[in-house]
file target.cif (mmCIF, C-alpha atoms)
data_upload
#
loop_
_atom_site.label_atom_id
_atom_site.label_comp_id
_atom_site.auth_asym_id
_atom_site.auth_seq_id
_atom_site.Cartn_x
_atom_site.Cartn_y
_atom_site.Cartn_z
CA MET A 1 -7.13 17.90 65.44
CA THR A 2 -4.18 16.72 63.35
CA ALA A 3 -1.67 14.13 64.43
CA SER A 4 1.87 15.40 64.94
CA PRO A 5 4.72 13.54 63.26
CA ASP A 6 6.48 10.93 65.33
CA PRO A 7 9.84 12.36 66.48
CA ALA A 8 11.32 8.84 66.39
CA PHE A 9 11.22 8.91 62.61
CA PRO A 10 12.70 11.53 60.31
CA GLU A 11 10.19 13.36 58.19
CA GLU A 12 11.14 11.50 55.01
CA ASP A 13 10.80 8.12 56.77
CA GLN A 14 7.31 8.70 58.10
CA PRO A 15 5.04 5.77 57.19
CA ALA A 16 2.64 6.58 54.37
CA ILE A 17 -1.00 6.83 55.37
CA ALA A 18 -3.28 5.70 52.57
CA GLU A 19 -6.27 7.87 51.97
CA SER A 20 -9.43 6.28 50.72
CA PRO A 21 -11.33 7.89 47.88
CA SER A 22 -14.12 8.73 50.31
CA THR A 23 -11.82 10.82 52.50
CA SER A 24 -9.57 12.37 49.85
CA GLY A 25 -12.36 13.21 47.45
CA THR A 26 -10.25 12.63 44.29
CA ALA A 27 -8.38 9.64 42.94
CA ARG A 28 -4.62 9.90 42.62
CA PRO A 29 -3.19 9.73 39.10
CA PRO A 30 -1.42 6.46 38.24
CA ARG A 31 2.28 6.49 38.81
CA SER A 32 5.11 4.37 37.53
CA PRO A 33 7.17 2.21 39.94
CA GLY A 34 9.78 5.02 40.03
CA GLY A 35 7.24 7.50 41.35
CA MET A 36 6.80 9.52 38.15
CA PRO A 37 3.39 9.89 36.50
CA ARG A 38 2.90 7.37 33.75
CA GLY A 39 2.03 10.06 31.26
CA LEU A 40 5.38 11.74 31.89
CA VAL A 41 7.19 8.40 31.59
CA LEU A 42 5.45 7.77 28.28
CA LEU A 43 6.34 11.24 27.02
CA LEU A 44 10.00 10.78 28.00
CA GLY A 45 10.04 7.37 26.30
CA VAL A 46 8.68 8.82 23.07
CA ALA A 47 11.23 11.65 23.18
CA ALA A 48 14.07 9.19 23.76
CA SER A 49 12.83 7.05 20.88
CA VAL A 50 12.80 10.04 18.54
CA VAL A 51 16.38 10.90 19.50
CA ALA A 52 17.48 7.28 19.05
CA VAL A 53 15.83 7.00 15.62
CA ALA A 54 17.41 10.27 14.53
CA GLY A 55 20.80 8.95 15.59
CA ILE A 56 20.25 5.69 13.70
CA ARG A 57 19.31 7.61 10.54
CA ALA A 58 22.41 9.78 10.87
CA ALA A 59 24.63 6.69 11.19
CA ALA A 60 22.72 4.55 8.69
CA TRP A 61 25.86 4.21 6.53
CA LEU A 62 27.43 2.15 9.35
CA ILE A 63 24.45 0.65 11.18
CA GLY A 64 22.84 -0.78 8.05
CA PRO A 65 25.88 -2.82 6.90
CA ALA A 66 26.59 -3.87 10.48
CA LEU A 67 23.06 -5.21 10.91
CA LEU A 68 23.26 -6.96 7.53
CA ALA A 69 26.50 -8.65 8.58
CA LEU A 70 24.93 -9.62 11.91
CA MET A 71 21.95 -11.24 10.21
CA ILE A 72 24.23 -13.19 7.84
CA VAL A 73 26.28 -14.47 10.78
CA ILE A 74 23.15 -15.50 12.68
CA ALA A 75 21.90 -17.45 9.65
CA ALA A 76 25.26 -19.14 9.03
CA HIS A 77 26.29 -19.81 12.65
CA PRO A 78 24.85 -23.37 12.75
CA VAL A 79 27.23 -24.29 9.90
CA GLN A 80 30.20 -23.12 11.95
CA ARG A 81 28.95 -25.05 14.98
CA TRP A 82 28.37 -28.16 12.86
CA LEU A 83 31.93 -28.04 11.52
CA ARG A 84 33.37 -27.77 15.02
CA GLN A 85 31.27 -30.69 16.19
CA ARG A 86 32.75 -32.74 13.35
CA GLY A 87 36.22 -32.17 14.74
CA TRP A 88 37.32 -29.18 12.68
CA PRO A 89 39.59 -26.76 14.55
CA GLY A 90 37.90 -23.52 15.49
CA TRP A 91 40.04 -21.33 13.28
CA VAL A 92 39.56 -23.66 10.29
CA ALA A 93 35.76 -23.66 10.69
CA THR A 94 35.75 -19.86 11.02
CA LEU A 95 37.98 -19.40 7.97
CA ALA A 96 35.90 -21.81 5.85
CA LEU A 97 32.68 -20.00 6.73
CA ILE A 98 34.23 -16.59 5.96
CA LEU A 99 35.44 -17.79 2.55
CA VAL A 100 32.09 -19.33 1.61
CA ILE A 101 30.04 -16.27 2.62
CA ASN A 102 32.43 -13.80 0.98
CA ALA A 103 32.56 -15.81 -2.24
CA GLY A 104 28.76 -15.97 -2.38
CA LEU A 105 28.32 -12.22 -1.86
CA LEU A 106 31.00 -11.33 -4.39
CA ALA A 107 29.53 -13.69 -6.98
CA LEU A 108 26.10 -12.11 -6.51
CA VAL A 109 27.54 -8.61 -6.95
CA VAL A 110 29.49 -9.59 -10.09
CA VAL A 111 26.47 -11.18 -11.75
CA LEU A 112 24.35 -8.14 -10.86
CA LEU A 113 26.93 -5.73 -12.31
CA VAL A 114 27.23 -7.68 -15.56
CA SER A 115 23.46 -7.94 -15.93
CA ILE A 116 22.88 -4.21 -15.39
CA GLY A 117 25.62 -3.45 -17.91
CA GLN A 118 23.84 -5.68 -20.42
CA LEU A 119 20.58 -3.82 -19.73
CA ALA A 120 22.24 -0.50 -20.60
CA THR A 121 23.41 -2.09 -23.88
CA VAL A 122 20.06 -3.66 -24.80
CA LEU A 123 17.75 -0.72 -24.11
CA PRO A 124 18.78 1.42 -27.14
CA GLN A 125 17.58 -1.38 -29.42
CA TYR A 126 13.99 -0.68 -28.37
CA THR A 127 13.90 3.03 -29.21
CA ALA A 128 11.35 2.59 -32.02
CA GLN A 129 9.06 0.43 -29.87
CA PHE A 130 9.24 2.93 -27.02
CA ASN A 131 8.38 5.85 -29.28
CA ALA A 132 5.43 3.91 -30.75
CA LEU A 133 4.21 3.15 -27.23
CA VAL A 134 4.38 6.82 -26.25
CA ALA A 135 2.48 7.77 -29.43
CA SER A 136 -0.27 5.26 -28.65
CA VAL A 137 -0.57 6.64 -25.12
CA GLU A 138 -0.90 10.15 -26.54
CA LYS A 139 -3.74 8.99 -28.80
CA VAL A 140 -5.56 7.42 -25.89
CA LEU A 141 -5.21 10.59 -23.83
CA ALA A 142 -6.45 12.69 -26.73
CA GLY A 143 -9.47 10.40 -27.11
CA LEU A 144 -10.29 11.02 -23.45
CA GLY A 145 -10.54 14.76 -24.13
CA ILE A 146 -7.20 15.83 -22.68
CA GLY A 147 -5.71 18.87 -24.36
CA PRO A 148 -2.45 18.82 -26.36
CA ALA A 149 -0.63 20.97 -23.81
CA GLN A 150 -1.42 18.56 -20.99
CA ILE A 151 -0.43 15.57 -23.15
CA GLN A 152 2.85 17.23 -24.07
CA ALA A 153 3.58 17.95 -20.40
CA ALA A 154 2.80 14.36 -19.44
CA THR A 155 4.89 12.68 -22.14
CA SER A 156 7.72 15.16 -22.57
CA SER A 157 9.99 13.29 -20.14
CA ALA A 158 9.07 9.85 -21.50
CA SER A 159 11.91 8.82 -23.76
CA ILE A 160 14.25 5.88 -24.08
CA SER A 161 17.18 8.21 -23.40
CA SER A 162 15.76 9.09 -19.99
CA VAL A 163 15.43 5.38 -19.16
CA ILE A 164 19.02 4.78 -20.29
CA GLY A 165 20.09 7.72 -18.16
CA ALA A 166 18.36 6.18 -15.15
CA VAL A 167 20.19 2.89 -15.75
CA GLY A 168 23.44 4.81 -16.07
CA GLY A 169 22.69 6.46 -12.75
CA VAL A 170 22.25 3.03 -11.19
CA LEU A 171 25.59 1.94 -12.61
CA SER A 172 27.31 5.06 -11.31
CA SER A 173 25.83 4.53 -7.85
CA LEU A 174 27.16 0.99 -7.69
CA GLY A 175 30.42 2.42 -6.41
CA GLY A 176 28.63 3.17 -3.15
CA VAL A 177 27.16 -0.33 -3.16
CA LEU A 178 30.63 -1.80 -3.56
CA ALA A 179 31.81 0.26 -0.59
CA VAL A 180 28.94 -1.17 1.46
CA ILE A 181 29.85 -4.70 0.36
CA VAL A 182 33.48 -4.17 1.39
CA LEU A 183 32.33 -2.89 4.80
CA VAL A 184 30.02 -5.88 5.21
CA LEU A 185 32.82 -8.30 4.33
CA ALA A 186 35.12 -6.65 6.88
CA LEU A 187 32.46 -6.81 9.58
CA LEU A 188 31.75 -10.45 8.78
CA LEU A 189 35.38 -11.29 9.53
CA PHE A 190 35.03 -10.07 13.13
CA PHE A 191 31.45 -11.18 13.70
CA ILE A 192 32.11 -14.77 12.64
CA ALA A 193 35.23 -14.91 14.82
CA ASP A 194 33.26 -13.72 17.86
CA ALA A 195 30.30 -15.98 17.13
CA ALA A 196 32.35 -19.05 18.03
CA THR A 197 32.34 -18.07 21.74
CA PHE A 198 29.02 -16.23 21.92
CA GLY A 199 27.20 -19.27 23.31
CA GLN A 200 29.64 -19.47 26.21
CA ARG A 201 29.11 -15.79 26.92
CA LEU A 202 25.37 -16.29 27.12
CA ASP A 203 25.86 -19.24 29.46
CA SER A 204 27.90 -17.04 31.79
CA ILE A 205 25.00 -14.61 32.27
CA ALA A 206 22.16 -17.13 32.14
CA VAL A 207 21.95 -17.41 35.93
CA GLU A 208 21.64 -13.69 36.59
CA ARG A 209 19.74 -12.70 33.42
CA PRO A 210 17.71 -15.69 32.27
CA ASP A 211 15.07 -13.54 30.58
CA ALA A 212 17.70 -11.71 28.53
CA VAL A 213 19.30 -14.97 27.41
CA ARG A 214 15.91 -16.43 26.54
CA ALA A 215 14.99 -13.31 24.53
CA LEU A 216 18.27 -13.30 22.58
CA ALA A 217 18.04 -17.03 21.91
CA GLY A 218 14.48 -16.61 20.65
CA PHE A 219 15.55 -13.73 18.43
CA ALA A 220 18.42 -15.74 16.94
CA SER A 221 16.20 -18.77 16.34
CA GLY A 222 13.38 -16.77 14.77
CA THR A 223 15.75 -14.71 12.62
CA ARG A 224 17.60 -17.81 11.45
CA SER A 225 14.38 -19.56 10.49
CA TYR A 226 13.11 -16.51 8.64
CA LEU A 227 16.35 -15.86 6.73
CA VAL A 228 17.00 -19.48 5.79
CA VAL A 229 13.44 -20.19 4.66
CA THR A 230 13.20 -16.85 2.82
CA THR A 231 16.50 -17.55 1.07
CA VAL A 232 15.42 -21.03 -0.03
CA PHE A 233 12.05 -19.88 -1.33
CA GLY A 234 13.60 -16.79 -2.88
CA PHE A 235 15.93 -19.06 -4.83
CA ILE A 236 12.96 -21.19 -5.94
CA VAL A 237 10.99 -18.12 -7.02
CA ALA A 238 14.02 -16.71 -8.85
CA VAL A 239 14.59 -19.95 -10.78
CA LEU A 240 10.93 -20.27 -11.76
CA ASP A 241 10.65 -16.61 -12.76
CA GLY A 242 13.85 -16.83 -14.78
CA ILE A 243 12.69 -19.95 -16.62
CA ALA A 244 9.28 -18.43 -17.33
CA LEU A 245 10.81 -15.20 -18.64
CA GLY A 246 13.24 -17.15 -20.81
CA ILE A 247 10.41 -19.21 -22.30
CA MET A 248 8.38 -16.07 -23.03
CA GLY A 249 11.39 -14.41 -24.68
CA VAL A 250 11.84 -11.51 -22.26
CA PRO A 251 15.45 -10.24 -22.49
CA LEU A 252 17.85 -10.42 -19.54
CA ALA A 253 15.97 -13.15 -17.72
CA ILE A 254 18.94 -13.77 -15.39
CA LEU A 255 18.91 -10.16 -14.21
CA TRP A 256 15.21 -10.28 -13.43
CA ALA A 257 15.65 -13.61 -11.64
CA ILE A 258 18.31 -12.06 -9.40
CA LEU A 259 16.03 -9.11 -8.77
CA ALA A 260 13.20 -11.49 -7.82
CA PHE A 261 15.55 -13.26 -5.39
CA ILE A 262 16.60 -10.02 -3.69
CA THR A 263 13.10 -8.54 -3.47
CA ASN A 264 11.82 -11.76 -1.90
CA TYR A 265 13.30 -10.49 1.37
CA ILE A 266 10.96 -7.48 1.29
CA PRO A 267 7.75 -8.64 3.01
CA ASN A 268 4.29 -8.28 1.49
CA ILE A 269 5.14 -6.06 -1.48
CA GLY A 270 8.59 -7.24 -2.50
CA PHE A 271 7.55 -9.09 -5.64
CA VAL A 272 5.98 -5.88 -7.02
CA PHE A 273 9.43 -4.25 -7.17
CA GLY A 274 10.77 -7.32 -8.95
CA LEU A 275 7.86 -7.34 -11.41
CA VAL A 276 7.95 -3.78 -12.77
CA PRO A 277 11.23 -3.86 -14.80
CA PRO A 278 10.61 -7.17 -16.64
CA ALA A 279 6.99 -6.19 -17.26
CA LEU A 280 8.03 -2.92 -18.91
CA LEU A 281 10.65 -4.69 -21.01
CA ALA A 282 8.05 -7.27 -22.00
CA LEU A 283 5.78 -4.42 -23.12
CA LEU A 284 8.53 -3.09 -25.39
CA THR A 285 9.39 -6.55 -26.69
CA GLY A 286 6.02 -8.16 -27.30
CA GLY A 287 3.38 -5.53 -26.60
CA TRP A 288 0.44 -5.76 -24.25
CA PRO A 289 -0.13 -9.56 -24.55
CA LEU A 290 3.40 -10.32 -23.32
CA LEU A 291 3.04 -7.75 -20.54
CA VAL A 292 -0.14 -9.43 -19.31
CA ALA A 293 1.53 -12.85 -19.50
CA VAL A 294 4.48 -11.70 -17.38
CA VAL A 295 2.19 -10.11 -14.79
CA VAL A 296 0.04 -13.25 -14.56
CA VAL A 297 3.05 -15.57 -14.21
CA TYR A 298 4.63 -13.42 -11.51
CA CYS A 299 1.41 -13.08 -9.57
CA VAL A 300 0.67 -16.81 -9.68
CA LEU A 301 4.19 -17.90 -8.72
CA ASN A 302 4.74 -15.33 -6.01
CA LEU A 303 1.30 -15.50 -4.47
CA VAL A 304 1.30 -19.29 -4.33
CA ILE A 305 4.86 -19.67 -3.04
CA GLN A 306 5.20 -16.61 -0.81
CA SER A 307 1.66 -16.41 0.54
CA LEU A 308 0.61 -20.06 0.79
CA ILE A 309 3.66 -22.32 0.96
CA GLN A 310 6.41 -20.21 2.52
CA PRO A 311 4.47 -19.19 5.70
CA ARG A 312 3.85 -22.86 6.49
CA PHE A 313 7.59 -23.50 6.66
CA ILE A 314 8.33 -20.37 8.65
CA GLY A 315 5.57 -21.26 11.11
CA ASN A 316 5.44 -19.22 14.28
CA SER A 317 9.15 -18.34 14.28
CA VAL A 318 8.39 -14.76 13.29
CA GLY A 319 5.06 -14.37 15.04
CA LEU A 320 4.34 -10.83 13.85
CA SER A 321 0.96 -9.70 12.64
CA ALA A 322 0.50 -8.55 9.06
CA THR A 323 -0.09 -4.96 10.18
CA VAL A 324 3.09 -4.91 12.27
CA THR A 325 5.04 -6.40 9.36
CA PHE A 326 3.86 -3.75 6.91
CA VAL A 327 4.43 -0.85 9.30
CA ALA A 328 7.89 -2.23 10.13
CA LEU A 329 8.69 -2.37 6.42
CA LEU A 330 7.82 1.31 5.96
CA PHE A 331 9.62 2.35 9.14
CA TRP A 332 12.91 0.56 8.53
CA ALA A 333 12.96 1.57 4.87
CA TRP A 334 12.62 5.19 6.02
CA VAL A 335 15.33 4.81 8.68
CA LEU A 336 17.96 2.71 6.87
CA GLY A 337 16.96 2.92 3.22
CA PRO A 338 16.98 -0.18 0.96
CA LEU A 339 18.83 -2.28 3.54
CA GLY A 340 16.09 -1.46 6.03
CA ALA A 341 13.46 -2.77 3.63
CA LEU A 342 15.39 -6.01 3.13
CA LEU A 343 15.96 -6.54 6.87
CA ALA A 344 12.64 -5.20 8.16
CA ILE A 345 11.51 -8.47 9.77
CA PRO A 346 14.84 -9.38 11.47
CA LEU A 347 15.26 -5.83 12.76
CA THR A 348 11.75 -5.86 14.17
CA LEU A 349 12.48 -9.16 15.89
CA LEU A 350 15.64 -7.65 17.37
CA VAL A 351 13.79 -4.62 18.74
CA LYS A 352 11.06 -6.90 20.09
CA ALA A 353 13.64 -9.09 21.83
CA LEU A 354 15.42 -6.13 23.44
CA LEU A 355 12.33 -4.18 24.51
CA VAL A 356 9.55 -6.73 24.95
CA ASP A 357 10.76 -10.31 25.31
CA VAL A 358 13.48 -9.39 27.77
CA ASP A 359 10.93 -8.05 30.28
CA PRO A 360 8.26 -10.44 31.65
CA ARG A 361 6.10 -7.41 32.52
CA ALA A 362 5.84 -6.52 28.82
CA ARG A 363 3.77 -9.56 27.80
CA TRP A 364 0.89 -7.24 27.02
CA ALA A 365 2.96 -5.70 24.21
CA ASP A 366 3.76 -9.15 22.82
CA ALA A 367 0.04 -9.90 22.69
CA LEU A 368 -0.47 -6.82 20.51
CA LEU A 369 2.43 -7.62 18.17
CA ARG A 370 2.06 -11.34 17.50
CA SER A 371 0.06 -12.82 14.68
CA THR A 372 -2.22 -15.04 16.80
CA ALA A 373 -4.33 -14.40 19.87
CA GLU A 374 -3.09 -17.54 21.65
CA ASP A 375 -0.09 -17.35 23.95
CA PRO A 376 3.08 -18.82 22.44
CA PRO A 377 4.31 -22.09 23.96
CA ALA A 378 6.62 -21.64 26.89
CA THR A 379 10.28 -22.34 26.26
CA ALA A 380 12.78 -23.65 28.75
#
call {"tool": "encode", "arguments": {"input": "target.cif", "output": "structure tokens"}}
result
Amino acid sequence: MTASPDPAFPEEDQPAIAESPSTSGTARPPRSPGGMPRGLVLLLGVAASVVAVAGIRAAAWLIGPALLALMIVIAAHPVQRWLRQRGWPGWVATLALILVINAGLLALVVVLLVSIGQLATVLPQYTAQFNALVASVEKVLAGLGIGPAQIQAATSSASISSVIGAVGGVLSSLGGVLAVIVLVLALLLFFIADAATFGQRLDSIAVERPDAVRALAGFASGTRSYLVVTTVFGFIVAVLDGIALGIMGVPLAILWAILAFITNYIPNIGFVFGLVPPALLALLTGGWPLLVAVVVVYCVLNLVIQSLIQPRFIGNSVGLSATVTFVALLFWAWVLGPLGALLAIPLTLLVKALLVDVDPRARWADALLRSTAEDPPATA
């Protein structure tokens, strides 16, 4: 005999009667707090993520420079705050910071342009050495039993003119880089102006959204520590690499030092990208002994500074495991291109702050992402 519904309650307001596994026979599938099955929620989340990533890739020309400008402002904001605490008017502190940042970026671009132009001028001087190197490679391949047709196919595109053409392509593409720099400089003007009152805006929502404020503050602190420390050690690595290359007689040591500074922002494998061009030029200049010397010097300097000393200064500000860091590098490089590779760590920290740190229920995800098994210290 079944119980009839209580007429005092509408059908949708009837109290739920829990069924035990012994009476129902089967266990109910887990459901999310909204009543949807968790599998469906997960599927919808993945679909939404795919759509969002596709949109970011489509607008990478705007999102990449905007994120770069945001990271620069986050790193330089303490300087603006320090100037205002010393009695500088707000507009003067903002203007001074804009001028300093813009001058630094423009100086870096000018030096890079001049150095690449010098590379295009120097390369034709090593035509004979390059041809001799290709001939020696052909002899080695022939000694290994490889046929002439295969050797011809492998070395047909190896010529100094092709290398010069690649450098010319880089020079021709710098017009797009200059457009990105102009966009970044324009965005910096507005971001720095808004940064002066951003702390007050966070204070206004701290009562209602304390977790959001805490997550954003942690992201800004971690990003600032990472960018400042990486910049300082990148400068040290660039100076040491430039001095070592100059002593060994590798041409265009300043260009390779700048390249080492820029690639220092790429985690884990950045120094490899900065090593390949000077190593190849060292091979043309001094043969295999100079190539080995350049590789050894780069490996020693970068491994000691970037792998042993630099992480001690960064500490737990980043707090991402090595696997997460490497996957983030590949992902952001695929989404945003070269800027994504340079900003892989800050962008990952931003996503972590917005999706994980802002929600106390997502601590399980933080445990999977961080570099240590211990819980991070609680912050006020």
call {"tool": "residues_around", "arguments": {"input": "target.cif", "residues": "segment 52-58 of chain A", "least_positions_apart": "2", "cutoff": "10 Å", "atoms": "only C-alpha atoms", "output": "JSON, numbers by chain"}}
result
{"A": [46, 47, 48, 49, 50, 60, 61, 62, 63, 64, 332, 334, 335, 336, 337]}
call {"tool": "atom_distance", "arguments": {"input": "target.cif", "atom1": "atom CA of Tyr265 of chain A", "atom2": "atom CA of Leu342 of chain A"}}
result
5.2 Å
call {"tool": "closest_residue", "arguments": {"input": "target.cif", "among": "A:Leu99, A:Ala215, A:Leu283, A:Val295", "to": "Asp359 of chain A", "atoms": "only C-alpha atoms"}}
result
A:Ala215
call {"tool": "atom_distance", "arguments": {"input": "target.cif", "atom1": "atom CA of Gly143 of chain A", "atom2": "atom CA of Ala293 of chain A"}}
result
26.8 Å
call {"tool": "resolve_selection", "arguments": {"input": "target.cif", "expression": "the PyMOL selection byres ((chain A and resi 70) around 10)", "output": "MDAnalysis selection string"}}
result
chainID A and resid 64:69 71:76 184 187:188 191:192 195
call {"tool": "atom_distance", "arguments": {"input": "target.cif", "atom1": "atom CA of Leu320 of chain A", "atom2": "atom CA of Arg361 of chain A"}}
result
19.1 Å
call {"tool": "resolve_selection", "arguments": {"input": "target.cif", "expression": "the PyMOL selection byres ((chain A and resi 118) around 12)", "output": "list in words"}}
result
Val111, Leu112, Leu113, Val114, Ser115, Ile116, Gly117, Leu119, Ala120, Thr121, Val122, Leu123, Pro124, Gln125, Ile164, Val167, Gly168, Leu171, Pro251, Leu252, Ala253, Ile254 and Leu255 of chain A
call {"tool": "write_last_selection", "arguments": {"input": "target.cif", "atoms": "C-alpha atoms", "output": "short mmCIF file (atom, residue, chain, number, x, y, z; two decimals), in the coordinates of the input"}}
result
data_model
loop_
_atom_site.label_atom_id
_atom_site.label_comp_id
_atom_site.auth_asym_id
_atom_site.auth_seq_id
_atom_site.Cartn_x
_atom_site.Cartn_y
_atom_site.Cartn_z
CA VAL A 111 26.47 -11.18 -11.75
CA LEU A 112 24.35 -8.14 -10.86
CA LEU A 113 26.93 -5.73 -12.31
CA VAL A 114 27.23 -7.68 -15.56
CA SER A 115 23.46 -7.94 -15.93
CA ILE A 116 22.88 -4.21 -15.39
CA GLY A 117 25.62 -3.45 -17.91
CA LEU A 119 20.58 -3.82 -19.73
CA ALA A 120 22.24 -0.50 -20.60
CA THR A 121 23.41 -2.09 -23.88
CA VAL A 122 20.06 -3.66 -24.80
CA LEU A 123 17.75 -0.72 -24.11
CA PRO A 124 18.78 1.42 -27.14
CA GLN A 125 17.58 -1.38 -29.42
CA ILE A 164 19.02 4.78 -20.29
CA VAL A 167 20.19 2.89 -15.75
CA GLY A 168 23.44 4.81 -16.07
CA LEU A 171 25.59 1.94 -12.61
CA PRO A 251 15.45 -10.24 -22.49
CA LEU A 252 17.85 -10.42 -19.54
CA ALA A 253 15.97 -13.15 -17.72
CA ILE A 254 18.94 -13.77 -15.39
CA LEU A 255 18.91 -10.16 -14.21
#
call {"tool": "residues_around", "arguments": {"input": "target.cif", "residues": "segment 298-307 of chain A", "least_positions_apart": "6", "cutoff": "9 Å", "atoms": "all atoms listed in the file", "output": "short mmCIF file (atom, residue, chain, number, x, y, z; two decimals) with C-alpha atoms, keeping the file's coordinate frame"}}
result
data_model
loop_
_atom_site.label_atom_id
_atom_site.label_comp_id
_atom_site.auth_asym_id
_atom_site.auth_seq_id
_atom_site.Cartn_x
_atom_site.Cartn_y
_atom_site.Cartn_z
CA THR A 230 13.20 -16.85 2.82
CA PHE A 233 12.05 -19.88 -1.33
CA GLY A 234 13.60 -16.79 -2.88
CA ILE A 236 12.96 -21.19 -5.94
CA VAL A 237 10.99 -18.12 -7.02
CA LEU A 240 10.93 -20.27 -11.76
CA ASP A 241 10.65 -16.61 -12.76
CA ALA A 244 9.28 -18.43 -17.33
CA ASN A 264 11.82 -11.76 -1.90
CA ASN A 268 4.29 -8.28 1.49
CA PHE A 271 7.55 -9.09 -5.64
CA VAL A 272 5.98 -5.88 -7.02
CA LEU A 275 7.86 -7.34 -11.41
#
call {"tool": "resolve_selection", "arguments": {"input": "target.cif", "expression": "the PyMOL selection byres ((chain A and resi 127-132) around 8)", "output": "ChimeraX atom specification"}}
result
/A:123-126,133-136,159-160,284-285
call {"tool": "closest_residue", "arguments": {"input": "target.cif", "among": "A:Arg370, A:His77, A:Arg363, A:Arg38", "to": "Ala193 of chain A", "atoms": "only C-alpha atoms"}}
result
A:His77
call {"tool": "closest_residue", "arguments": {"input": "target.cif", "among": "A:Leu189, A:Val41, A:Leu183, A:Leu290", "to": "Ile101 of chain A", "atoms": "only C-alpha atoms"}}
result
A:Leu189
call {"tool": "residues_around", "arguments": {"input": "target.cif", "residues": "Gly218 of chain A", "least_positions_apart": "3", "cutoff": "10 Å", "atoms": "only C-alpha atoms", "output": "ChimeraX atom specification"}}
result
/A:212-215,221-224,317-318,349-350,353,357,379
call {"tool": "write_last_selection", "arguments": {"input": "target.cif", "atoms": "C-alpha atoms", "output": "CSV table (one decimal), keeping the file's coordinate frame"}}
result
chain,number,residue,atom,x,y,z
A,212,ALA,CA,17.7,-11.7,28.5
A,213,VAL,CA,19.3,-15.0,27.4
A,214,ARG,CA,15.9,-16.4,26.5
A,215,ALA,CA,15.0,-13.3,24.5
A,221,SER,CA,16.2,-18.8,16.3
A,222,GLY,CA,13.4,-16.8,14.8
A,223,THR,CA,15.8,-14.7,12.6
A,224,ARG,CA,17.6,-17.8,11.4
A,317,SER,CA,9.2,-18.3,14.3
A,318,VAL,CA,8.4,-14.8,13.3
A,349,LEU,CA,12.5,-9.2,15.9
A,350,LEU,CA,15.6,-7.6,17.4
A,353,ALA,CA,13.6,-9.1,21.8
A,357,ASP,CA,10.8,-10.3,25.3
A,379,THR,CA,10.3,-22.3,26.3
call {"tool": "axis_aligned_box", "arguments": {"input": "target.cif", "around": "segment 140-143 of chain A", "padding_each_side": "8 Å", "output": "lines of an AutoDock Vina configuration file"}}
result
center_x = -7.3
center_y = 10.1
center_z = -25.5
size_x = 20.3
size_y = 21.3
size_z = 19.3
call {"tool": "closest_residue", "arguments": {"input": "target.cif", "among": "A:Gly270, A:Val109, A:Leu44, A:Leu185", "to": "Leu97 of chain A", "atoms": "only C-alpha atoms"}}
result
A:Leu185
call {"tool": "closest_residue", "arguments": {"input": "target.cif", "among": "A:Gly39, A:Gly87, A:Pro267, A:Gly242", "to": "Val294 of chain A", "atoms": "only C-alpha atoms"}}
result
A:Gly242
call {"tool": "residues_around", "arguments": {"input": "target.cif", "residues": "Phe331 of chain A", "least_positions_apart": "4", "cutoff": "10 Å", "atoms": "only C-alpha atoms", "output": "list in words"}}
result
Thr325, Phe326, Val327, Val335, Leu336, Gly337, Gly340, Ala341, Ala344 and Thr348 of chain A
call {"tool": "residues_around", "arguments": {"input": "target.cif", "residues": "segment 90-92 of chain A", "least_positions_apart": "6", "cutoff": "9 Å", "atoms": "all atoms listed in the file", "output": "tab-separated table (two decimals) with C-alpha atoms, in the frame of the given file"}}
result
chain	number	residue	atom	x	y	z
A	80	GLN	CA	30.20	-23.12	11.95
A	83	LEU	CA	31.93	-28.04	11.52
A	84	ARG	CA	33.37	-27.77	15.02
A	193	ALA	CA	35.23	-14.91	14.82
A	196	ALA	CA	32.35	-19.05	18.03
